[in-house]
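Beneath this line is the structure, given in structure tokens, with notes to follow.
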Amino acid sequence: MIGAGASSLVLEVENLAASRGLRILFEGLSFQLSGGEVLELRGPNGSGKSTLLRILAGLTRPHDGTVAFKGGGEDEPGRHFLGHLDAVKPSETAAEQAAFWARYFGREPAEAIKAMNRVGLSNREQVPGRGLSAGQKRRLALVRLLVEPRPVWLLDEPTAALDVEGRALVTQLVGEHRDRGGMVIAAIHGDGFAGSRTLDVSAFPARAVV
Amino acid sequence: MSGSFSVFARELKLAWSGGGGAALPVGFFAAACSITPFAVGNGVENLKVAGPGVMWIALALASLLPMERLFQADLEDGTLDAYAGSGIGMEGIALAKTLAHWIATGIPLAIIAPVLWIMLQGPPEAALFVIVFSLIGSAAFFFFGSIGAALAAGMRRGGLLIALVTLPLYVPTMIFGAAGLYAAASGGEWAAPLMLTAAAALFGVATSSFAAAMALRTAID
């Protein structure tokens, strides 16, 4: 599913430092991750898990250090970023939003229907975004992962607001993605994913910038 | 490429459905022109002097109204993060969104412009010309406005900042556009101001998405 180059998928993070305002959240953070591995980011609130994910997604500039994704091909491997906001529009129906993301990634509308079934929203298709519960919005955000297969998943607390069944779904999706040779980096509290590596972001201590 | 096209289509639909984002500027434009005779006096001579200028100011301010929400809503609900995190260029997003909102709002503005024109004692034979001018003018106002919209996206009540940043950028379009409307009202030479207004609009279309993209990247940083 991910492509022949997936096995050579590697992420190299070297000496990374992140700052927010006048505070260094973490520094000297280095790790390597290959395709088929899941990395859990742990640490208390405010330790920089979300910031690390945003840096890996290319949204935030690092204070220092380098991030290099290496895939099989010449291009950087594609990434999916699921932040703590669900990117759900209040006035569009769930089905319209799923179809939008399918079109956005250049996929067929059928992919959106399949993804809606998979995340358990098939009976909420005509409900506008404002009528969805927090957990249903999160499920709708998961549709993005499914309509377009991409080797790197960056998930910020993917199980937040989800019920037991929803959490099992995320665990299952992450497991399937890993088995396909994909890479998952997830900030998470509580129960993690089986067989995953753990990185404690708070072990790279914060300090004020002098 | 499919990304920018689908964002364009989505924004066009969102602008026309639901909250009716396009209705407010059109209502403002109509209201501002309609109360002008009460302020400047309803004598034909008064309106001939004030009418075209007031109309052009009203068009500029009406175009400024939707700017506060242009990028802010997408920033607040995480849509901009989702766009940026999927690797699409912010330039394409800024261009697609601004173009969609200009089509959704600029075209209705241009359609009602000749009615307001005649109400302000403009010659009816210039009505078609007024439509063309309003279309080009609103394009310039929307695209220059998108720069201010992107700069203020990360701020609460960024409306004031949008006005401060955007109004100086409106000046060339303001001068050429108003000159064109006055020329049309008096039967004078209008080709030069039309071309200069169009030049200002094209400059806005060509450059604004790069400036807006830079501001948006900073906003999500």
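Naming scheme: A, B, ... for chains in displayed order of the structure tokens; residues 1 onward per chain; ligands 1 onward as shown.
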
Q: Can you check which residues of chain B have any atom within 6 Å of chain A? Use only C-alpha atoms and format it as a list in words.
A: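 Using only C-alpha atoms, chain B residues at most 6 Å from chain A: Ser2, Gly3, Ser6, Asp77, Gly78, Thr79, Gly85, Ser86 and Asp221 of chain B.
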
Q.
Based on the backbone DSSP call, show me all residues of chain B assigned alpha helix (DSSP H), as a PyMOL selection string.
A. chain B and resi 2-16+23-40+44-64+67-70+72-76+79-85+90-119+127-151+159-186+191-220

Q: Compile the contact shell of Ala23 in chain B as a PyMOL selection string: residues with an atom at most 9 Å away, counting only C-alpha atoms, same-chain residues fewer than 4 positions apart removed.
A: chain B and resi 16+19+27-28+105+108

Take the residues just selected and output them with C-alpha atoms as a short mmCIF file (atom, residue, chain, number, x, y, z; two decimals), in the first residue's frame.
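Output (result.cif):
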data_model
loop_
_atom_site.label_atom_id
_atom_site.label_comp_id
_atom_site.auth_asym_id
_atom_site.auth_seq_id
_atom_site.Cartn_x
_atom_site.Cartn_y
_atom_site.Cartn_z
CA TRP B 16 -22.78 31.14 -0.46
CA GLY B 19 -24.05 32.09 7.40
CA GLY B 27 -25.95 44.87 2.19
CA PHE B 28 -23.35 47.31 3.46
CA THR B 105 -19.00 38.63 -3.07
CA PRO B 108 -23.05 40.42 -6.38
#

Q. Which polymer residues have any atom within 12 Å of an atom of Asn123 in chain A, counting only C-alpha atoms, with same-chain residues fewer than 2 positions away left out, as a list in words?
A. Thr93, Ala94, Ala95, Ile113, Met116, Asn117, Arg118, Val119, Gly120, Leu121, Glu125, Gln126, Val127, Leu132 and Gln136 of chain A

Q: Determine the nearest neighbour of Gly87 in chain B from the options A:Ala161, A:Ala18, A:Ile185, A:Val152, counting only C-alpha atoms.
A: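 Residue with the minimum atom-to-atom distance to Gly87 in chain B: A:Val152.
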
Q: Based on DSSP run over this structure's backbone, return all residues of range 56-201 of chain A in strand (DSSP E), as number ranges by chain.
A: A: 64-70, 79-82, 152-156, 183-187, 197-200

With N, CA and C atoms kept, could you save the residues just selected as a PDB file, in the first residue's frame?
ATOM      1  N   ASP A  64      16.623  24.985  16.907  1.00  0.00           N
ATOM      2  CA  ASP A  64      17.947  24.503  16.539  1.00  0.00           C
ATOM      3  C   ASP A  64      17.811  23.046  16.108  1.00  0.00           C
ATOM      4  N   GLY A  65      18.806  22.533  15.399  1.00  0.00           N
ATOM      5  CA  GLY A  65      18.807  21.125  15.047  1.00  0.00           C
ATOM      6  C   GLY A  65      18.157  20.843  13.706  1.00  0.00           C
ATOM      7  N   THR A  66      18.146  19.550  13.317  1.00  0.00           N
ATOM      8  CA  THR A  66      17.638  19.191  11.991  1.00  0.00           C
ATOM      9  C   THR A  66      16.666  18.023  12.059  1.00  0.00           C
ATOM     10  N   VAL A  67      15.762  18.028  11.094  1.00  0.00           N
ATOM     11  CA  VAL A  67      14.808  16.937  10.910  1.00  0.00           C
ATOM     12  C   VAL A  67      14.956  16.472   9.474  1.00  0.00           C
ATOM     13  N   ALA A  68      15.200  15.193   9.253  1.00  0.00           N
ATOM     14  CA  ALA A  68      15.320  14.693   7.885  1.00  0.00           C
ATOM     15  C   ALA A  68      14.499  13.424   7.715  1.00  0.00           C
ATOM     16  N   PHE A  69      13.499  13.499   6.828  1.00  0.00           N
ATOM     17  CA  PHE A  69      12.751  12.310   6.427  1.00  0.00           C
ATOM     18  C   PHE A  69      13.405  11.769   5.172  1.00  0.00           C
ATOM     19  N   LYS A  70      13.712  10.477   5.157  1.00  0.00           N
ATOM     20  CA  LYS A  70      14.292   9.894   3.951  1.00  0.00           C
ATOM     21  C   LYS A  70      13.429   8.737   3.513  1.00  0.00           C
ATOM     22  N   ARG A  79       3.377  13.148   4.418  1.00  0.00           N
ATOM     23  CA  ARG A  79       3.040  13.130   5.838  1.00  0.00           C
ATOM     24  C   ARG A  79       1.579  13.493   6.036  1.00  0.00           C
ATOM     25  N   HIS A  80       0.998  12.929   7.092  1.00  0.00           N
ATOM     26  CA  HIS A  80      -0.312  13.351   7.571  1.00  0.00           C
ATOM     27  C   HIS A  80      -0.137  13.933   8.949  1.00  0.00           C
ATOM     28  N   PHE A  81      -0.702  15.105   9.193  1.00  0.00           N
ATOM     29  CA  PHE A  81      -0.634  15.717  10.516  1.00  0.00           C
ATOM     30  C   PHE A  81      -2.046  15.867  11.070  1.00  0.00           C
ATOM     31  N   LEU A  82      -2.288  15.210  12.206  1.00  0.00           N
ATOM     32  CA  LEU A  82      -3.573  15.386  12.900  1.00  0.00           C
ATOM     33  C   LEU A  82      -3.305  16.133  14.187  1.00  0.00           C
ATOM     34  N   VAL A 152       3.948   8.626   6.542  1.00  0.00           N
ATOM     35  CA  VAL A 152       4.242   9.162   7.876  1.00  0.00           C
ATOM     36  C   VAL A 152       2.975   9.749   8.501  1.00  0.00           C
ATOM     37  N   TRP A 153       2.624   9.255   9.684  1.00  0.00           N
ATOM     38  CA  TRP A 153       1.479   9.802  10.420  1.00  0.00           C
ATOM     39  C   TRP A 153       1.991  10.514  11.661  1.00  0.00           C
ATOM     40  N   LEU A 154       1.605  11.771  11.815  1.00  0.00           N
ATOM     41  CA  LEU A 154       1.958  12.548  12.999  1.00  0.00           C
ATOM     42  C   LEU A 154       0.655  12.861  13.729  1.00  0.00           C
ATOM     43  N   LEU A 155       0.445  12.245  14.887  1.00  0.00           N
ATOM     44  CA  LEU A 155      -0.849  12.321  15.556  1.00  0.00           C
ATOM     45  C   LEU A 155      -0.703  12.967  16.925  1.00  0.00           C
ATOM     46  N   ASP A 156      -1.476  14.030  17.156  1.00  0.00           N
ATOM     47  CA  ASP A 156      -1.437  14.716  18.442  1.00  0.00           C
ATOM     48  C   ASP A 156      -2.628  14.256  19.285  1.00  0.00           C
ATOM     49  N   MET A 183       5.115   4.759   9.247  1.00  0.00           N
ATOM     50  CA  MET A 183       5.731   5.278  10.464  1.00  0.00           C
ATOM     51  C   MET A 183       4.688   6.101  11.198  1.00  0.00           C
ATOM     52  N   VAL A 184       4.591   5.905  12.520  1.00  0.00           N
ATOM     53  CA  VAL A 184       3.627   6.666  13.304  1.00  0.00           C
ATOM     54  C   VAL A 184       4.350   7.329  14.470  1.00  0.00           C
ATOM     55  N   ILE A 185       4.129   8.637  14.630  1.00  0.00           N
ATOM     56  CA  ILE A 185       4.630   9.330  15.816  1.00  0.00           C
ATOM     57  C   ILE A 185       3.416   9.976  16.471  1.00  0.00           C
ATOM     58  N   ALA A 186       3.139   9.595  17.709  1.00  0.00           N
ATOM     59  CA  ALA A 186       1.910  10.049  18.354  1.00  0.00           C
ATOM     60  C   ALA A 186       2.193  10.564  19.750  1.00  0.00           C
ATOM     61  N   ALA A 187       1.697  11.766  20.050  1.00  0.00           N
ATOM     62  CA  ALA A 187       1.703  12.253  21.425  1.00  0.00           C
ATOM     63  C   ALA A 187       0.517  11.602  22.112  1.00  0.00           C
ATOM     64  N   ARG A 197       7.844   2.259  20.555  1.00  0.00           N
ATOM     65  CA  ARG A 197       8.931   2.870  21.311  1.00  0.00           C
ATOM     66  C   ARG A 197       8.390   4.110  22.008  1.00  0.00           C
ATOM     67  N   THR A 198       9.088   4.532  23.049  1.00  0.00           N
ATOM     68  CA  THR A 198       8.618   5.686  23.808  1.00  0.00           C
ATOM     69  C   THR A 198       9.713   6.748  23.879  1.00  0.00           C
ATOM     70  N   LEU A 199       9.295   7.998  23.727  1.00  0.00           N
ATOM     71  CA  LEU A 199      10.238   9.104  23.896  1.00  0.00           C
ATOM     72  C   LEU A 199       9.633  10.059  24.913  1.00  0.00           C
ATOM     73  N   ASP A 200      10.335  10.256  26.016  1.00  0.00           N
ATOM     74  CA  ASP A 200       9.849  11.182  27.034  1.00  0.00           C
ATOM     75  C   ASP A 200      10.421  12.566  26.733  1.00  0.00           C
TER      76      ASP A 200
END

Q: Excluding Gly51 in chain B and any residue of its chain fewer than 3 positions from it, enumerate the residues within 9 Å of it, using only C-alpha atoms, and give them as a list in words.
A: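 Near Gly51 in chain B, the qualifying residues are Cys33, Thr36, Pro37, Asn46, Leu47, Lys48, Val54, Met55, Trp56, Trp117, Met119, Leu120, Gln121, Gly122 and Tyr182 of chain B.
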
What does the file look like for those residues with C-alpha atoms, as a PDB file, in the first residue's frame?
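Heads up, here's the output in selection-v8.pdb:
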ATOM      1  CA  CYS B  33     -24.957  54.357  -1.077  1.00  0.00           C
ATOM      2  CA  THR B  36     -25.715  59.183   0.933  1.00  0.00           C
ATOM      3  CA  PRO B  37     -28.474  61.491  -0.410  1.00  0.00           C
ATOM      4  CA  ASN B  46     -24.763  67.578  -5.008  1.00  0.00           C
ATOM      5  CA  LEU B  47     -25.097  63.903  -5.919  1.00  0.00           C
ATOM      6  CA  LYS B  48     -23.235  64.368  -9.210  1.00  0.00           C
ATOM      7  CA  VAL B  54     -18.928  57.875  -2.223  1.00  0.00           C
ATOM      8  CA  MET B  55     -19.770  54.799  -4.259  1.00  0.00           C
ATOM      9  CA  TRP B  56     -16.134  53.883  -4.724  1.00  0.00           C
ATOM     10  CA  TRP B 117     -25.147  54.339  -9.612  1.00  0.00           C
ATOM     11  CA  MET B 119     -29.789  56.235  -7.622  1.00  0.00           C
ATOM     12  CA  LEU B 120     -26.809  58.549  -7.113  1.00  0.00           C
ATOM     13  CA  GLN B 121     -27.712  60.385 -10.352  1.00  0.00           C
ATOM     14  CA  GLY B 122     -25.127  58.689 -12.558  1.00  0.00           C
ATOM     15  CA  TYR B 182     -16.124  60.592 -12.447  1.00  0.00           C
TER      16      TYR B 182
END

Q: Could you tell me which of A:Gly71, A:Pro149, A:Gly182, A:Pro109 comes closest to Leu39 in chain A if we count only C-alpha atoms?
A: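 Ranked by minimum distance to Leu39 in chain A, first place goes to A:Gly182.
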